[in-house]
Every structure is written in structure tokens, then in C-alpha cells.
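Each remark here refers to the structure printed beneath this line.
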Amino acid sequence: MRAATLTRLSLLMAGLLGVQSLACTHTADGHVDDPRSALVARRGIVQLVDTDGSSMPVAPETQISFIAKDGSQTDSVQAGLLCRTDWGLTVREERMSSCLGASPLIAWDDIDGVHTDTFDGAATTAIAAGAVIVLVAVVFALSAGKGGSKSSSSSPPPRRSSGSTPTGDVGPPSVARGPLSGGGGGTTVFIGPRVIVPIGGYGTSGSYAPRVTDDDGTLFMRTDLRRATVRGIIGLDGGACVLSPGSCFSAGIRGGVRLYNLAELTLGLRVIQGWGVHDYARATPVLGIAMHGELPNFRGFALSLGGQFSRTAAMDFYANLLLGFRIAPATHWWIGVFPIHPTYLSWSDGRGDLWTIQSSLDLSADF
């Protein structure tokens, strides 16, 4: 199989990951007995508990609205923009670095319940994994049909799909249901799908208007807000062949960023060695593209899907496709288990193509 064909396939996989990142959200509704005490962020998460005992985690990227005791409901806002005051909750504009000038949203005494929409990274990753598994199976079958040799330049590339349609709740922005009391509705700024930031026009109970004098009123710390958008990651891994001709071993180290707590982009160095059918030993730089999808109600578990790719003078093409899960034994630390991941090597010296099936363990940290 030509390296150019695999390059196009890897780009197609990256496109699938991007499209599927809009797929799934987790919606929850619940009653809050003591909102002033409950709406406190710890380690970047607000853990609300409904009266029935179910957990309702709120992350900085969660869309949240509040249900008042009179049955009305506030606009849906990004939780990372909420500010705490003695009066209740206010919401700042996205461009504001502090809570000074934030608009009143709802008083503590008026809150009866909450409605949340949280991105479900694990479900999204599972959907994308299904698409990629089908793609890899087709590539593997085509490569096996060539008897391990490179295909001719006239071989047509696998047909690309005509497009993917996101299936999640990514429709038009939520429509405000009106202010909770007095004042009339205010102007809204549409930041993106389902993101509405109130600018003004909300009434407050009585003549008291909330005032915030410093940055301490933000619901989430600055570090939490930054980590919800971009965080650094470092990791190392090692694995061996399990269902392959001959024997092989690989290990690697990488570093990069995780965007919006989902998409990972890394650069690293990988050592690969094999003996038996093919004898080889190489150290090669790799580009990594992956998804890290955490469960919305348990941030200590994540599904992982991605790959590492390289092309050097010694290897015409290298692709290492990963599918597994990660657990967090401690804050910011992850242990990954990847039971089966196919690896493809295409040599420049005429030795032909080689598929191996490996299993590996991974240790990584984010900051």
C-alpha cells in the first residue's frame, strides 16, 4: 500500500475525530437545597447532588441554567462565566477577566433547581472509534490482499465517505425564557452553539444590586478556566506484539497539548524493534493526534482514540493506531490501557509492508 494512500487515510481519520467532537451531550435536571453551599468548585468541578442522591457535575465548559421557585428559568450560560456574590450569581462577559461589571443572573434565595448540558467526551469518542475501526479494517483487508507487498501506483485509494452529520444536540442557541423578576429581558451575545451570555436588563429582587470588588468572586479559578480550554500533557508508553508474525517491542515519549479537554496534539520520539519475520530497530519522530473523552459524571475515566504517524528516510510510512481507556489514580495523572492497536510499517529499502498488532500501557500527566 502506498504511503500517500495511508497519509490520506490518516487525514480522513483526523477529520472524523473533528466532526464527531460535536456529537454527544449529557443533560441533567435536579433540585438544589442549598445552592450557596453547593455551588463551590473543587479541583475544577462543581459536584451538585440532587435530592434523589444523583450527581450532577458542573465543569467550566458546562452550559447551565437555573430554575426559579416561581417556575421561570434563566438563560443558559457557560458555567465558567459565573460569579458568586453575597446576593447570588452574576455572569460576566467572555472578554472580561474579572467579575467587575458582571450582570445579575439570579438570587440565591430564588434558586430551586438547575439544568445542565455537559459535553460527553466518552460517548463522543466511542462513536468516533466505531467509524475508525471500520476504516482500519478496510485498510487492513486491502493491505493483506496485496500479499504484504506495496501496491502499484494505479491502485485507487479507498473511497471517502460523502460526509458525516453530527448527531448530538448542537442545534441553534437556546432561547431565553425571560428574566426571573422585574427589569425585562436584556441583550444577548451569541458566542457559539448553545452559548448565550447575558449583557444586561435582568432585574433583581429589591433595590440591592450585587457588587464584586475583586476577582475572588469567580466560580472557577483562573487555572480551571485555562485548563478547560488548553492544558499541557506529557506521557510515556511501552508495548509488545500480541497477534503478529514474529516479535516486536515499542516504546515512546511525547509532549503536547489537549484542547477543550478532548483533542490531543503531540510530538514525540518512538523506538520500535522487531525480529523474526522482519528484523529492524529504529528511533523515529512521531506526530500524535488523539481524542481523550472523559465521562461527564466521573472525570476519573476516559476513552482514548488516536494515532501516531511518521515518515522518514528509513521508513516510507509509520502509523500506530490506538484505542483504549485511561483511569486517573490521582489528580492530573492518568494510566492508560490499550489492549489492541494495529501498527503499520512501510520500509523505503524494498522490504515491503508490515502489519503488527500490539498491546501497550501508558502513563501521562496533564497540567
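In the C-alpha cells, each chain is lettered A, B, ... as it comes, each chain's residues begin at 1, and ligands are numbered from 1 in order of appearance.
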Per-residue nearest contacts of segment 267-302 of chain A to segment 313-335 of chain A (8 Å; only C-alpha atoms) as JSON lines:
```
{"residue": "A:Gly300", "atom": "CA", "partner": "A:Ala328", "partner_atom": "CA", "distance": 4.8}
{"residue": "A:Phe301", "atom": "CA", "partner": "A:Ile327", "partner_atom": "CA", "distance": 4.7}
{"residue": "A:Ala302", "atom": "CA", "partner": "A:Arg326", "partner_atom": "CA", "distance": 5.2}
```
Same residues, N, CA and C atoms, output as a compact mmCIF listing (two decimals), in the first residue's frame:
```txt
# COMPACT_ATOMS: atom_id res chain seq x y z
N GLY A 300 -12.76 10.74 36.32
CA GLY A 300 -11.59 9.90 36.53
C GLY A 300 -11.48 8.76 35.54
N PHE A 301 -12.35 8.73 34.51
CA PHE A 301 -12.31 7.69 33.50
C PHE A 301 -12.47 8.33 32.13
N ALA A 302 -11.67 7.86 31.17
CA ALA A 302 -11.74 8.43 29.81
C ALA A 302 -11.46 7.34 28.79
```
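For Asp34 of chain A, the list of residues within 10 Å, based on only C-alpha atoms and with local chain neighbours fewer than 2 positions off taken out, reads His31, Val32, Arg36, Ser37, Ala38, Leu39, Trp108, Asp109, Ile111, Asp112 and Gly113 of chain A.
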* Enter the distance from atom CA of Ala122 of chain A to atom CA of Ala290 of chain A, in Å, rounded to one decimal. =>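 Rounded to one decimal, the two atoms are 12.9 Å apart.
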* Smallest atom-to-atom distance to Cys24 of chain A: which of A:Ile127, A:Met291, A:Ser244, A:Val139, using only C-alpha atoms? ->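 For Cys24 of chain A, the nearest of the given residues is A:Ile127.
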* **Exercise: Thr62 of chain A partners within 7 Å, only C-alpha atoms, chain neighbours under 3 positions left out, as an MDAnalysis selection string** => chainID A and resid 58:59 78:79 116:118
* **Residue nearest Ser364 of chain A - candidates A:Leu305, A:Cys241, A:Leu105, A:Leu236, atoms counted: only C-alpha atoms** => A:Leu236
* Pick from A:Ala281, A:Leu361, A:Ile272, A:Glu61 nearest to Tyr260 of chain A, counting only C-alpha atoms ->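 That would be A:Glu61, the residue with the smallest distance to Tyr260 of chain A.
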* Selection: 7 Å around Cys83 of chain A, only C-alpha atoms, excl. self and same-chain fewer than 3 positions, as a list of chain:residue names -> A:Leu89, A:Thr90, A:Val91, A:Cys99, A:Gly217, A:Thr218, A:Leu219
Residues just named, written with N, CA and C atoms as an mmCIF file, in the first residue's frame:
```
data_model
loop_
_atom_site.group_PDB
_atom_site.id
_atom_site.type_symbol
_atom_site.label_atom_id
_atom_site.label_comp_id
_atom_site.auth_asym_id
_atom_site.auth_seq_id
_atom_site.Cartn_x
_atom_site.Cartn_y
_atom_site.Cartn_z
ATOM 1 N N LEU A 89 -25.894 34.897 42.018
ATOM 2 C CA LEU A 89 -24.989 34.640 40.907
ATOM 3 C C LEU A 89 -25.077 35.748 39.870
ATOM 4 N N THR A 90 -23.937 36.132 39.363
ATOM 5 C CA THR A 90 -23.859 37.061 38.241
ATOM 6 C C THR A 90 -23.098 36.373 37.116
ATOM 7 N N VAL A 91 -23.133 36.936 35.934
ATOM 8 C CA VAL A 91 -22.440 36.358 34.793
ATOM 9 C C VAL A 91 -21.656 37.463 34.089
ATOM 10 N N CYS A 99 -14.816 39.676 37.612
ATOM 11 C CA CYS A 99 -16.251 39.773 37.808
ATOM 12 C C CYS A 99 -16.733 41.214 37.959
ATOM 13 N N GLY A 217 -14.591 36.519 43.183
ATOM 14 C CA GLY A 217 -15.964 36.122 43.017
ATOM 15 C C GLY A 217 -16.193 35.091 41.930
ATOM 16 N N THR A 218 -15.175 34.766 41.120
ATOM 17 C CA THR A 218 -15.373 33.794 40.044
ATOM 18 C C THR A 218 -15.659 32.413 40.626
ATOM 19 N N LEU A 219 -16.619 31.719 39.992
ATOM 20 C CA LEU A 219 -16.975 30.387 40.470
ATOM 21 C C LEU A 219 -15.805 29.418 40.307
#
```
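Of note, atom CA of Ser65 of chain A and atom CA of Leu262 of chain A are spaced 23.6 Å apart.
Closest approach to Gly274 of chain A among A:Pro245, A:Gly256, A:Gly130, A:Gly232 is made by A:Pro245 (distances from only C-alpha atoms).
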* Asked: Where does DSSP see alpha helix (DSSP H) in segment 34-113 of chain A, if you list the residues as number ranges by chain?
  -> A: 35-38
Output file for the residues above (C-alpha atoms, as a short mmCIF file (atom, residue, chain, number, x, y, z; two decimals), in the first residue's frame):
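Saved result, selection.cif, follows:
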```
data_model
loop_
_atom_site.label_atom_id
_atom_site.label_comp_id
_atom_site.auth_asym_id
_atom_site.auth_seq_id
_atom_site.Cartn_x
_atom_site.Cartn_y
_atom_site.Cartn_z
CA PRO A 35 -27.29 26.49 46.26
CA ARG A 36 -24.97 28.89 48.11
CA SER A 37 -23.08 25.97 49.67
CA ALA A 38 -23.44 23.59 46.72
#
```
* If you run DSSP over the backbone, which residues in segment 209-365 of chain A end up strand (DSSP E or B)? Put them as a PyMOL selection string. => chain A and resi 218+230-241+247-259+263-275+280-295+298-310+315-330+333-347+353-365
* Leaving out Ile64 of chain A and any residue of its chain fewer than 5 positions from it, which residues lie within 6 Å of it when counting only C-alpha atoms, given as a ChimeraX atom specification? -> /A:76-77,115-116
